[in-house]
Amino acid sequence: MKNIIYRNNDAMSALGLGTWKSNPGEVYDAVLEAIKVGYRHIDCAMIYGNEKEIGKALQKAFSSGIVKREELWITSKLWCNSHGEANVMPALKSTLNNLQLDYLDLYLVHWPVALKPDVIFPEKGEDLLSLEERPIIKTWKGMEAMVSKGLTRHIGVCNFSIKKLKSLSAIAAIKPEMNQVEMHPFLQQSTLLEYCKKEGIYITAYSPLGSPDRSAQMKADNEPSLLENPVISAIAQKYGCSTAQILIAWALERGTSVIPKSVNAGRIKQNYEAESIQLDKEDMDQIAKLDRHFRYVNGKFWALPRSTYTVANLWDE
Ligand code: A2P
């Protein structure tokens with residue numbers, strides 16, 4: 001099993017199960033199946049709306065002796081309406097309560113975007129708060145306090161640009177250890193990856209298969225398909241495996257963590273087995289040429305009129 005080793009020597013299995021878009025009614029079986037197959041890393045978030053059911057699956061896995069708590073790596077994320085130092089603990093406690101856990105292994109700030117406390121998802125600019133009103137450093141102080149209290153072992157961020165990582169790291173008492181970002185052959189983000197490697201910030205690649213199950217509103221017309229890309233297909237043929245497995249093997253080969261989502265028992269197993277595929281330099285060189293800076297999760301849903309957020313200032317590009 002490939003591991004990511006943290007600063008204090010804690011080991012996180014690089015391949016994890018994604019749970020974004022895994023609905024209640026299906027995520028219980030998916031998580032249990034994944035643990036049975038051998039996954040030891042489950043990626044969660046409050047906003048996925050399924051933490052209660054994941055908590056039941058975890059309890060089942062513990063009580064039936066399949067795995068012990070300390071053998072699992074559980075990540076969750078602070079939603080955007082809980083930015084601000086004092087709001088972090090209640091949000092984390094609610095997540096722990098839903099997951100039926102005493103602590104998380106990793107807690108991440110989900111987006112560098114703040115919402116008003118009573119808003120779950122913005123419909124108009126007034127639903128958002130600017131980063132002047134909710135400075136990231138204040139939220140981060142709340143995140144650091146959660147480490148001191150033992151409610152999470154590690155803290156990090158998601159969807160942060162190099163610029164935002166730099167400004168946070170410059171003033172943080174605990175530097176972020178993880179940046180979870182969209183990453184796949186169409187969005188390789190090599191500069192961000194290099195910067196993070198140099199700074200000891202690990203990367204988790206989300207939407208590694210291109211998230212084809214996103215809602216229609218989140219999709220653009222004529223999106224390119226990773227799972228049906230001819231270059232990826234040809235490499236899959238060479239190894240006698242699926243295109244999804246090549247996409248996962250590629251992320252692992254680059255030293256990132258990767259969290260393919262599936263609620264299908266066969267695909268959960270298939271994705272897990274991708275770890276044994278060793279891509280060679282020729283494969284990596286061919287895949288490198290596919291980069292086209294294409295985001296499936298482009299963040300346009302934050303860039304509402306009369307808010308301070310734009311797609312440009314979200315990604316700083
Ligand atoms: P399902 O849950 O029915 O398996 P991402 O991880 O990029 O968000 O992509 C998740 C999507 O990819 C889901 O629609 C999921 O469907 C599908 N998927 C997951 N694993 C595979 C696989 N091995 N082959 C094809 N599709 C997959």
# chains A, B, ... in the order shown; residues from 1 in each chain; ligands from 1
call {"tool": "select_by_dssp", "arguments": {"residues": "range 153-315 of chain A", "states": "strand (DSSP E)", "output": "list in words"}}
result
Arg153, His154, Ile155, Gly156, Val157, Cys158, Met178, Asn179, Gln180, Val181, Glu182, Tyr202, Ile203, Thr204, Ala205, Tyr206, Ser257 and Val258 of chain A
call {"tool": "closest_atom_pairs", "arguments": {"of": "chain A", "to": "ligand 1", "cutoff": "7 Å", "atoms": "only C-alpha atoms and all ligand atoms", "output": "Markdown table"}}
result
| residue | atom | partner | partner_atom_place_in_ligand_line | distance |
| --- | --- | --- | --- | --- |
| A:Gly18 | CA | ligand 1 | 6 (O) | 6.3 |
| A:Trp20 | CA | ligand 1 | 8 (O) | 6.9 |
| A:Ser22 | CA | ligand 1 | 2 (O) | 7.0 |
| A:Tyr206 | CA | ligand 1 | 7 (O) | 6.5 |
| A:Ser207 | CA | ligand 1 | 7 (O) | 3.2 |
| A:Pro208 | CA | ligand 1 | 7 (O) | 4.3 |
| A:Leu209 | CA | ligand 1 | 7 (O) | 3.4 |
| A:Gly210 | CA | ligand 1 | 7 (O) | 4.2 |
| A:Ser211 | CA | ligand 1 | 8 (O) | 3.4 |
| A:Pro212 | CA | ligand 1 | 14 (O) | 5.0 |
| A:Asp213 | CA | ligand 1 | 14 (O) | 4.1 |
| A:Leu227 | CA | ligand 1 | 25 (C) | 6.9 |
| A:Ser242 | CA | ligand 1 | 23 (N) | 6.8 |
| A:Ala244 | CA | ligand 1 | 23 (N) | 4.7 |
| A:Gln245 | CA | ligand 1 | 23 (N) | 6.4 |
| A:Ile259 | CA | ligand 1 | 6 (O) | 6.3 |
| A:Pro260 | CA | ligand 1 | 6 (O) | 3.5 |
| A:Lys261 | CA | ligand 1 | 6 (O) | 3.9 |
| A:Ser262 | CA | ligand 1 | 2 (O) | 3.2 |
| A:Val263 | CA | ligand 1 | 2 (O) | 4.1 |
| A:Asn264 | CA | ligand 1 | 4 (O) | 4.7 |
| A:Arg267 | CA | ligand 1 | 23 (N) | 4.5 |
| A:Ile268 | CA | ligand 1 | 20 (N) | 6.5 |
| A:Gln270 | CA | ligand 1 | 23 (N) | 5.8 |
| A:Asn271 | CA | ligand 1 | 23 (N) | 5.4 |
call {"tool": "closest_residue", "arguments": {"among": "A:Leu115, A:Val109, A:Ile54, A:Ile287", "to": "Val231 in chain A", "atoms": "only C-alpha atoms"}}
result
A:Ile287
call {"tool": "closest_atom_pairs", "arguments": {"of": "range 155-190 of chain A", "to": "range 128-149 of chain A", "cutoff": "10 Å", "atoms": "only C-alpha atoms", "output": "JSON lines"}}
result
{"residue": "A:Ile155", "atom": "CA", "partner": "A:Met143", "partner_atom": "CA", "distance": 6.7}
{"residue": "A:Gly156", "atom": "CA", "partner": "A:Met143", "partner_atom": "CA", "distance": 8.6}
{"residue": "A:Val157", "atom": "CA", "partner": "A:Trp140", "partner_atom": "CA", "distance": 9.4}
{"residue": "A:Lys164", "atom": "CA", "partner": "A:Ile136", "partner_atom": "CA", "distance": 9.3}
{"residue": "A:Ser167", "atom": "CA", "partner": "A:Ile137", "partner_atom": "CA", "distance": 9.1}
{"residue": "A:Leu168", "atom": "CA", "partner": "A:Ile137", "partner_atom": "CA", "distance": 6.6}
{"residue": "A:Ser169", "atom": "CA", "partner": "A:Ile137", "partner_atom": "CA", "distance": 9.5}
{"residue": "A:Ile171", "atom": "CA", "partner": "A:Ile137", "partner_atom": "CA", "distance": 7.6}
{"residue": "A:Ala172", "atom": "CA", "partner": "A:Ile137", "partner_atom": "CA", "distance": 7.3}
{"residue": "A:Ala173", "atom": "CA", "partner": "A:Glu144", "partner_atom": "CA", "distance": 7.6}
{"residue": "A:Ile174", "atom": "CA", "partner": "A:Glu144", "partner_atom": "CA", "distance": 6.5}
{"residue": "A:Lys175", "atom": "CA", "partner": "A:Glu144", "partner_atom": "CA", "distance": 9.3}
{"residue": "A:Pro176", "atom": "CA", "partner": "A:Trp140", "partner_atom": "CA", "distance": 9.1}
